[in-house]
$ cat final21.cif   # mmCIF, C-alpha atoms
data_coords
loop_
_atom_site.label_atom_id
_atom_site.label_comp_id
_atom_site.auth_asym_id
_atom_site.auth_seq_id
_atom_site.Cartn_x
_atom_site.Cartn_y
_atom_site.Cartn_z
CA MET X 1 5.89 -6.55 16.72
CA GLY X 2 2.93 -6.05 19.08
CA LEU X 3 -0.35 -4.25 18.38
CA LYS X 4 0.69 -1.10 20.20
CA ASN X 5 4.07 -1.04 18.48
CA LEU X 6 2.46 -1.52 15.06
CA TYR X 7 0.13 1.41 15.75
CA LEU X 8 2.97 3.63 16.93
CA ARG X 9 5.09 2.64 13.96
CA ALA X 10 2.28 3.43 11.51
CA ARG X 11 1.51 6.76 13.17
CA SER X 12 5.19 7.67 13.22
CA VAL X 13 5.60 6.86 9.52
CA VAL X 14 2.51 8.86 8.48
CA ASP X 15 3.04 11.83 10.78
CA GLY X 16 6.69 12.04 9.79
CA LEU X 17 5.73 12.04 6.13
CA LEU X 18 3.05 14.70 6.57
CA VAL X 19 5.38 17.00 8.48
CA GLY X 20 7.84 16.85 5.58
CA LEU X 21 5.28 17.47 2.86
CA HIS X 22 4.94 20.78 1.07
CA PRO X 23 1.37 22.09 1.57
CA SER X 24 0.61 21.65 -2.13
CA GLN X 25 1.58 17.98 -1.89
CA ALA X 26 -0.74 17.41 1.05
CA LYS X 27 -3.79 19.28 -0.18
CA GLY X 28 -5.62 16.10 -1.10
CA LEU X 29 -5.47 14.81 2.46
CA SER X 30 -8.63 16.50 3.68
CA SER X 31 -10.15 19.63 2.23
CA GLU X 32 -9.15 22.10 -0.43
CA PHE X 33 -9.63 25.87 -0.19
CA GLU X 34 -12.20 27.03 -2.72
CA GLU X 35 -13.31 30.64 -2.14
CA HIS X 36 -13.96 33.48 0.31
CA ARG X 37 -17.27 34.75 1.60
CA GLY X 38 -18.20 37.45 4.06
CA TYR X 39 -18.15 36.58 7.75
CA SER X 40 -21.51 35.91 9.41
CA GLN X 41 -22.17 35.64 13.13
CA GLY X 42 -21.70 32.06 14.24
CA ASP X 43 -19.02 31.19 11.66
CA ASP X 44 -15.98 29.31 12.94
CA VAL X 45 -13.35 31.97 13.63
CA ARG X 46 -10.61 29.46 12.84
CA HIS X 47 -11.50 29.91 9.17
CA LEU X 48 -11.08 33.69 9.17
CA ASP X 49 -8.57 34.95 6.59
CA TRP X 50 -6.47 37.50 8.50
CA LYS X 51 -4.49 38.51 5.43
CA ALA X 52 -7.74 39.48 3.69
CA TYR X 53 -8.81 41.40 6.81
CA ALA X 54 -5.53 43.36 6.83
CA LYS X 55 -6.00 44.27 3.19
CA PHE X 56 -9.74 45.10 3.09
CA ASP X 57 -10.50 45.84 6.76
CA ARG X 58 -13.34 43.32 6.56
CA TYR X 59 -13.74 39.78 7.85
CA PHE X 60 -13.71 36.98 5.28
CA VAL X 61 -14.16 33.26 5.84
CA LYS X 62 -12.32 30.66 3.79
CA GLU X 63 -14.66 28.02 2.41
CA TYR X 64 -13.39 24.54 1.69
CA ARG X 65 -14.41 21.78 -0.66
CA GLU X 66 -14.19 18.30 0.79
CA ALA X 67 -11.88 15.87 -1.01
CA ALA X 68 -13.66 12.97 -2.67
CA ASN X 69 -13.76 9.94 -0.42
CA LEU X 70 -12.93 6.47 -1.62
CA LYS X 71 -13.35 2.86 -0.60
CA ALA X 72 -10.07 0.98 -0.41
CA THR X 73 -9.16 -2.63 0.29
CA LEU X 74 -5.64 -3.61 1.34
CA VAL X 75 -4.79 -7.08 0.04
CA MET X 76 -1.84 -8.34 2.09
CA ASP X 77 0.25 -11.39 1.18
CA ALA X 78 0.80 -13.51 4.29
CA SER X 79 2.35 -16.55 2.61
CA ALA X 80 5.56 -18.17 3.87
CA SER X 81 7.85 -16.44 1.35
CA MET X 82 6.92 -13.10 2.94
CA GLY X 83 8.71 -14.26 6.09
CA TYR X 84 12.13 -13.90 4.48
CA ALA X 85 14.42 -11.34 6.07
CA SER X 86 18.05 -10.66 5.21
CA GLU X 87 18.22 -8.37 8.22
CA GLY X 88 15.81 -7.68 11.08
CA TRP X 89 12.66 -6.84 9.13
CA SER X 90 10.93 -9.49 7.02
CA LYS X 91 8.94 -8.70 3.90
CA TYR X 92 5.82 -9.37 5.96
CA ASP X 93 6.93 -6.94 8.69
CA TYR X 94 7.58 -4.30 6.05
CA GLY X 95 4.33 -5.00 4.22
CA SER X 96 2.18 -5.07 7.36
CA THR X 97 3.69 -1.78 8.53
CA LEU X 98 2.99 -0.33 5.08
CA ALA X 99 -0.60 -1.62 5.24
CA ALA X 100 -1.03 -0.23 8.76
CA SER X 101 0.38 3.14 7.68
CA LEU X 102 -1.92 3.29 4.66
CA ALA X 103 -4.93 2.38 6.81
CA TYR X 104 -3.98 5.06 9.34
CA LEU X 105 -3.57 7.62 6.57
CA MET X 106 -6.83 6.69 4.82
CA LEU X 107 -8.88 6.83 8.00
CA LYS X 108 -7.26 10.17 8.76
CA GLN X 109 -8.71 11.30 5.41
CA GLN X 110 -12.11 9.82 6.39
CA ASP X 111 -11.86 7.25 3.62
CA THR X 112 -13.28 3.74 3.97
CA VAL X 113 -10.68 1.00 4.25
CA GLY X 114 -10.69 -2.77 4.69
CA LEU X 115 -8.11 -5.55 4.76
CA ILE X 116 -7.75 -8.99 3.20
CA THR X 117 -4.90 -11.29 4.16
CA PHE X 118 -4.12 -14.29 1.97
CA SER X 119 -1.77 -17.18 1.23
CA ASN X 120 -3.05 -19.62 -1.41
CA ARG X 121 -6.56 -18.59 -0.32
CA ILE X 122 -8.19 -15.71 1.49
CA GLU X 123 -7.29 -16.06 5.17
CA LYS X 124 -9.28 -13.19 6.69
CA ILE X 125 -11.51 -10.35 5.54
CA VAL X 126 -11.83 -7.18 7.63
CA PRO X 127 -14.74 -5.39 5.91
CA PRO X 128 -14.17 -1.77 4.85
CA LYS X 129 -15.28 0.89 7.34
CA SER X 130 -14.43 4.53 7.99
CA ALA X 131 -14.85 4.67 11.79
CA GLY X 132 -11.74 5.73 13.67
CA GLY X 133 -11.73 2.65 15.92
CA HIS X 134 -11.71 0.44 12.81
CA LEU X 135 -7.93 0.88 12.56
CA PHE X 136 -7.38 -1.49 15.46
CA ALA X 137 -9.35 -4.29 13.78
CA ILE X 138 -6.97 -3.97 10.82
CA LEU X 139 -3.89 -3.81 13.05
CA LYS X 140 -5.01 -6.85 15.03
CA GLU X 141 -5.34 -9.00 11.91
CA LEU X 142 -1.94 -7.84 10.62
CA GLU X 143 -0.38 -8.60 13.99
CA ASP X 144 -2.13 -11.95 14.53
CA ARG X 145 -1.38 -13.24 11.03
CA LYS X 146 1.99 -14.94 10.64
CA PRO X 147 3.50 -15.68 7.20
CA ARG X 148 2.85 -19.32 6.36
CA GLY X 149 1.67 -21.57 3.56
CA GLU X 150 2.00 -21.40 -0.20
CA THR X 151 0.96 -18.33 -2.12
CA SER X 152 -1.57 -17.81 -4.89
CA ALA X 153 -2.25 -14.13 -5.38
CA ALA X 154 -3.59 -15.08 -8.80
CA SER X 155 -6.50 -17.18 -7.50
CA VAL X 156 -7.26 -14.68 -4.73
CA LEU X 157 -7.43 -11.80 -7.21
CA GLN X 158 -9.72 -13.80 -9.49
CA GLU X 159 -11.96 -14.61 -6.51
CA LEU X 160 -12.09 -10.92 -5.59
CA ALA X 161 -12.95 -9.95 -9.15
CA ALA X 162 -15.89 -12.36 -9.09
CA SER X 163 -17.18 -11.25 -5.67
CA LEU X 164 -16.71 -7.47 -5.64
CA LYS X 165 -20.01 -5.66 -6.06
CA LYS X 166 -18.76 -2.07 -5.99
CA ARG X 167 -15.76 -0.48 -7.63
CA GLY X 168 -13.06 0.95 -5.42
CA LEU X 169 -9.33 0.94 -4.84
CA ILE X 170 -7.46 -2.35 -4.43
CA ILE X 171 -3.93 -2.15 -2.99
CA LEU X 172 -2.00 -5.39 -3.44
CA ILE X 173 1.05 -5.81 -1.18
CA SER X 174 3.05 -8.90 -2.12
CA ASP X 175 6.41 -10.27 -3.25
CA LEU X 176 4.60 -11.67 -6.33
CA LEU X 177 6.92 -14.67 -6.46
CA GLU X 178 4.62 -16.90 -8.46
CA ASN X 179 3.37 -17.37 -12.00
CA GLN X 180 3.45 -13.84 -13.39
CA ALA X 181 0.96 -14.48 -16.19
CA GLU X 182 -1.64 -15.81 -13.74
CA VAL X 183 -1.22 -12.86 -11.39
CA VAL X 184 -1.60 -10.40 -14.27
CA ARG X 185 -4.74 -12.23 -15.41
CA GLY X 186 -6.24 -11.72 -11.95
CA LEU X 187 -5.26 -8.05 -11.91
CA LYS X 188 -6.81 -7.53 -15.34
CA GLN X 189 -10.04 -9.17 -14.21
CA LEU X 190 -10.22 -6.77 -11.26
CA ARG X 191 -9.43 -3.83 -13.51
CA SER X 192 -12.14 -4.86 -15.96
CA ARG X 193 -14.68 -4.64 -13.12
CA GLY X 194 -13.85 -0.95 -12.70
CA SER X 195 -11.50 -1.16 -9.71
CA ASP X 196 -8.45 1.07 -9.48
CA ILE X 197 -5.37 -0.94 -8.52
CA LEU X 198 -2.08 -0.12 -6.85
CA VAL X 199 0.54 -2.88 -6.76
CA PHE X 200 3.30 -2.60 -4.15
CA HIS X 201 5.84 -5.25 -5.13
CA LEU X 202 8.05 -6.01 -2.10
CA LEU X 203 11.39 -7.75 -2.42
CA ASP X 204 14.23 -8.18 0.03
CA LYS X 205 17.57 -6.73 -1.00
CA ASP X 206 19.00 -10.27 -1.09
CA GLU X 207 16.38 -11.15 -3.72
CA LEU X 208 17.24 -8.04 -5.72
CA GLN X 209 21.03 -8.23 -5.47
CA PHE X 210 21.81 -11.90 -4.77
CA PRO X 211 24.96 -10.98 -2.78
CA PHE X 212 25.87 -14.54 -1.71
CA LYS X 213 29.42 -15.70 -2.43
CA GLU X 214 30.05 -19.00 -0.68
CA PRO X 215 28.45 -22.33 -1.69
CA ALA X 216 25.22 -22.71 0.28
CA LEU X 217 22.03 -24.69 0.65
CA PHE X 218 19.08 -22.69 -0.72
CA GLN X 219 15.62 -23.62 0.57
CA ASP X 220 12.21 -22.71 -0.81
CA LEU X 221 10.12 -21.29 2.05
CA GLU X 222 6.85 -22.59 0.59
CA GLU X 223 7.82 -26.00 -0.76
CA GLU X 224 10.03 -28.88 0.38
CA LEU X 225 12.73 -27.89 -2.09
CA LYS X 226 16.41 -27.52 -1.21
CA ILE X 227 19.25 -26.90 -3.66
CA GLN X 228 22.99 -26.94 -2.96
CA ALA X 229 24.57 -24.36 -5.26
CA ASP X 230 27.55 -22.11 -5.86
CA PRO X 231 26.06 -18.57 -5.86
CA GLN X 232 28.76 -17.18 -8.11
CA ALA X 233 27.94 -19.78 -10.76
CA ILE X 234 24.22 -19.01 -10.81
CA ARG X 235 24.19 -15.31 -9.92
CA SER X 236 23.98 -14.01 -13.49
CA ALA X 237 21.13 -16.37 -14.43
CA TYR X 238 19.27 -15.59 -11.21
CA LEU X 239 19.51 -11.80 -11.70
CA ASP X 240 18.36 -12.14 -15.31
CA THR X 241 15.33 -14.12 -14.10
CA ILE X 242 14.33 -11.71 -11.31
CA HIS X 243 14.80 -8.66 -13.54
CA SER X 244 12.73 -10.29 -16.28
CA LEU X 245 9.97 -10.97 -13.74
CA ILE X 246 10.00 -7.35 -12.56
CA ASP X 247 10.00 -6.00 -16.11
CA ALA X 248 7.10 -8.28 -17.06
CA TYR X 249 5.03 -6.96 -14.15
CA LYS X 250 5.90 -3.36 -15.01
CA GLN X 251 4.92 -3.74 -18.65
CA ALA X 252 1.73 -5.71 -18.00
CA CYS X 253 0.53 -3.25 -15.35
CA ALA X 254 1.33 -0.22 -17.49
CA SER X 255 -0.62 -1.66 -20.42
CA THR X 256 -3.69 -2.11 -18.19
CA HIS X 257 -3.49 1.24 -16.35
CA ILE X 258 -2.48 -0.41 -13.10
CA ASP X 259 -0.10 1.55 -10.86
CA TYR X 260 2.93 -0.67 -10.17
CA SER X 261 5.82 0.13 -7.79
CA LEU X 262 8.78 -2.02 -6.77
CA PHE X 263 10.12 -1.62 -3.22
CA ASP X 264 13.32 -2.85 -1.63
CA THR X 265 12.34 -3.64 1.97
CA SER X 266 15.59 -2.10 3.24
CA VAL X 267 14.35 1.31 2.00
CA GLY X 268 12.07 3.58 4.08
CA LEU X 269 8.30 3.44 3.74
CA ASP X 270 7.86 7.13 2.91
CA ARG X 271 8.32 6.53 -0.84
CA ALA X 272 5.50 3.97 -0.83
CA LEU X 273 3.19 6.40 0.95
CA MET X 274 4.15 9.20 -1.43
CA ARG X 275 3.22 6.89 -4.30
CA TYR X 276 -0.21 6.45 -2.75
CA LEU X 277 -0.60 10.20 -2.12
CA THR X 278 0.27 10.93 -5.74
CA TRP X 279 -2.43 8.50 -6.88
CA ARG X 280 -4.86 9.92 -4.30
CA GLU X 281 -4.42 13.42 -5.70
CA LYS X 282 -5.26 12.15 -9.19
CA PHE X 283 -8.36 10.46 -7.79
CA ARG X 284 -9.40 13.69 -6.06
CA ILE X 285 -9.32 15.85 -9.17
CA ARG X 286 -10.64 13.47 -11.81
#

$ encode --input "final21.cif" --output "structure tokens"
Amino acid sequence: MGLKNLYLRARSVVDGLLVGLHPSQAKGLSSEFEEHRGYSQGDDVRHLDWKAYAKFDRYFVKEYREAANLKATLVMDASASMGYASEGWSKYDYGSTLAASLAYLMLKQQDTVGLITFSNRIEKIVPPKSAGGHLFAILKELEDRKPRGETSAASVLQELAASLKKRGLIILISDLLENQAEVVRGLKQLRSRGSDILVFHLLDKDELQFPFKEPALFQDLEEELKIQADPQAIRSAYLDTIHSLIDAYKQACASTHIDYSLFDTSVGLDRALMRYLTWREKFRIR
């Protein structure tokens, strides 16, 4: 994808979303108007309320209350299964662009953000910072990391729960194609430590729809496992299994106050960012 292209893609996604937002939807992005006060010499004229001047023939300045800042960690699955792509974009491409867009958006809000990439272990930690130039450290890791190896979000989450010293926001971006009970156990451990958690569950449309018709050789991307099968004979059982997995994640997350969202990687990223903005607004006012 290229570091420059990843940056431009993230900026395009975020700026496009912000342009389309109603002002009330975007109010948590920086500061919120709180009250007027009389103008004093030296005040920033950009904050003058001209409507109030027209009504009262006096200068008033709008005062703003800064939105609460947060510390967020993006936890990005970089295991081999994330390399699957039914079309041009793999789950990893989609997820890394989502992570880059979230990092760009958070830093734009002056929040602190870090990144963890993982497979069956933590691959790299980019410590949380709020400096503007920090974005490129995050983008570089996302760009340099290639999907490989087996996955174990469960063990990584449990390791994070044991090592985190301060509460914050954890954003998990993964296809979650592993033992659901173990993953949920890790999420619950993080939640019990006071962390807020957003789960972005990414699946390719092939994984969601299983559109295959002709007999084919199916290969596991993380293990040396190949199965010759007739898709039409196994389609119903496969869809039951994947839907059961999704439902189990939904129910387990809801019962633990974890924000879970499923995303088809053929669908635009704006819905994922809106999900984050909705959560961010709740954080701001609580």

$ resolve_selection --input "final21.cif" --expression "the PyMOL selection byres ((chain X and resi 185) around 12)" --output "ChimeraX atom specification"
/X:153-159,161,179-184,186-192,249,252-253,256

$ resolve_selection --input "final21.cif" --expression "the PyMOL selection byres ((chain X and resi 242) around 12)" --output "mmCIF file with C-alpha atoms, keeping the file's coordinate frame"
data_model
loop_
_atom_site.group_PDB
_atom_site.id
_atom_site.type_symbol
_atom_site.label_atom_id
_atom_site.label_comp_id
_atom_site.auth_asym_id
_atom_site.auth_seq_id
_atom_site.Cartn_x
_atom_site.Cartn_y
_atom_site.Cartn_z
ATOM 1 C CA ASP X 175 6.410 -10.270 -3.250
ATOM 2 C CA LEU X 176 4.600 -11.670 -6.330
ATOM 3 C CA LEU X 177 6.920 -14.670 -6.460
ATOM 4 C CA GLU X 178 4.620 -16.900 -8.460
ATOM 5 C CA GLN X 180 3.450 -13.840 -13.390
ATOM 6 C CA LEU X 203 11.390 -7.750 -2.420
ATOM 7 C CA ASP X 204 14.230 -8.180 0.030
ATOM 8 C CA LYS X 205 17.570 -6.730 -1.000
ATOM 9 C CA ASP X 206 19.000 -10.270 -1.090
ATOM 10 C CA GLU X 207 16.380 -11.150 -3.720
ATOM 11 C CA LEU X 208 17.240 -8.040 -5.720
ATOM 12 C CA GLN X 209 21.030 -8.230 -5.470
ATOM 13 C CA PHE X 210 21.810 -11.900 -4.770
ATOM 14 C CA ARG X 235 24.190 -15.310 -9.920
ATOM 15 C CA SER X 236 23.980 -14.010 -13.490
ATOM 16 C CA ALA X 237 21.130 -16.370 -14.430
ATOM 17 C CA TYR X 238 19.270 -15.590 -11.210
ATOM 18 C CA LEU X 239 19.510 -11.800 -11.700
ATOM 19 C CA ASP X 240 18.360 -12.140 -15.310
ATOM 20 C CA THR X 241 15.330 -14.120 -14.100
ATOM 21 C CA HIS X 243 14.800 -8.660 -13.540
ATOM 22 C CA SER X 244 12.730 -10.290 -16.280
ATOM 23 C CA LEU X 245 9.970 -10.970 -13.740
ATOM 24 C CA ILE X 246 10.000 -7.350 -12.560
ATOM 25 C CA ASP X 247 10.000 -6.000 -16.110
ATOM 26 C CA ALA X 248 7.100 -8.280 -17.060
ATOM 27 C CA TYR X 249 5.030 -6.960 -14.150
#

$ resolve_selection --input "final21.cif" --expression "the PyMOL selection byres ((chain X and resi 104-118) around 9)" --output "count of residues only"
51

$ atom_distance --input "final21.cif" --atom1 "atom CA of X:Ile258" --atom2 "atom CA of X:Phe200"
10.9 Å

$ closest_residue --input "final21.cif" --among "X:Arg280, X:Ala272, X:Thr265, X:Tyr260" --to "X:Gly88" --atoms "only C-alpha atoms"
X:Thr265

$ atom_distance --input "final21.cif" --atom1 "atom CA of X:Ile197" --atom2 "atom CA of X:Trp279"
10.0 Å

$ closest_residue --input "final21.cif" --among "X:Arg193, X:Lys140, X:Arg148, X:Lys213" --to "X:Gly83" --atoms "all atoms listed in the file"
X:Arg148

$ atom_distance --input "final21.cif" --atom1 "atom CA of X:Ser86" --atom2 "atom CA of X:Gln251"
28.1 Å

$ closest_residue --input "final21.cif" --among "X:Leu225, X:Glu150, X:Ala254, X:Leu160" --to "X:Leu198" --atoms "only C-alpha atoms"
X:Ala254

$ closest_residue --input "final21.cif" --among "X:Arg275, X:Lys51, X:Lys166, X:Lys250" --to "X:Gly194" --atoms "all atoms listed in the file"
X:Lys166

$ residues_around --input "final21.cif" --residues "X:Leu202" --least-positions-apart "3" --cutoff "7 Å" --atoms "all atoms listed in the file" --output "compact mmCIF listing (two decimals) with C-alpha atoms, in the coordinates of the input"
# COMPACT_ATOMS: atom_id res chain seq x y z
CA LYS X 91 8.94 -8.70 3.90
CA SER X 174 3.05 -8.90 -2.12
CA ASP X 175 6.41 -10.27 -3.25
CA LEU X 262 8.78 -2.02 -6.77
CA PHE X 263 10.12 -1.62 -3.22
CA ASP X 264 13.32 -2.85 -1.63
CA THR X 265 12.34 -3.64 1.97

$ closest_residue --input "final21.cif" --among "X:Ser163, X:Thr97, X:Ser81, X:Gln232" --to "X:Leu269" --atoms "all atoms listed in the file"
X:Thr97
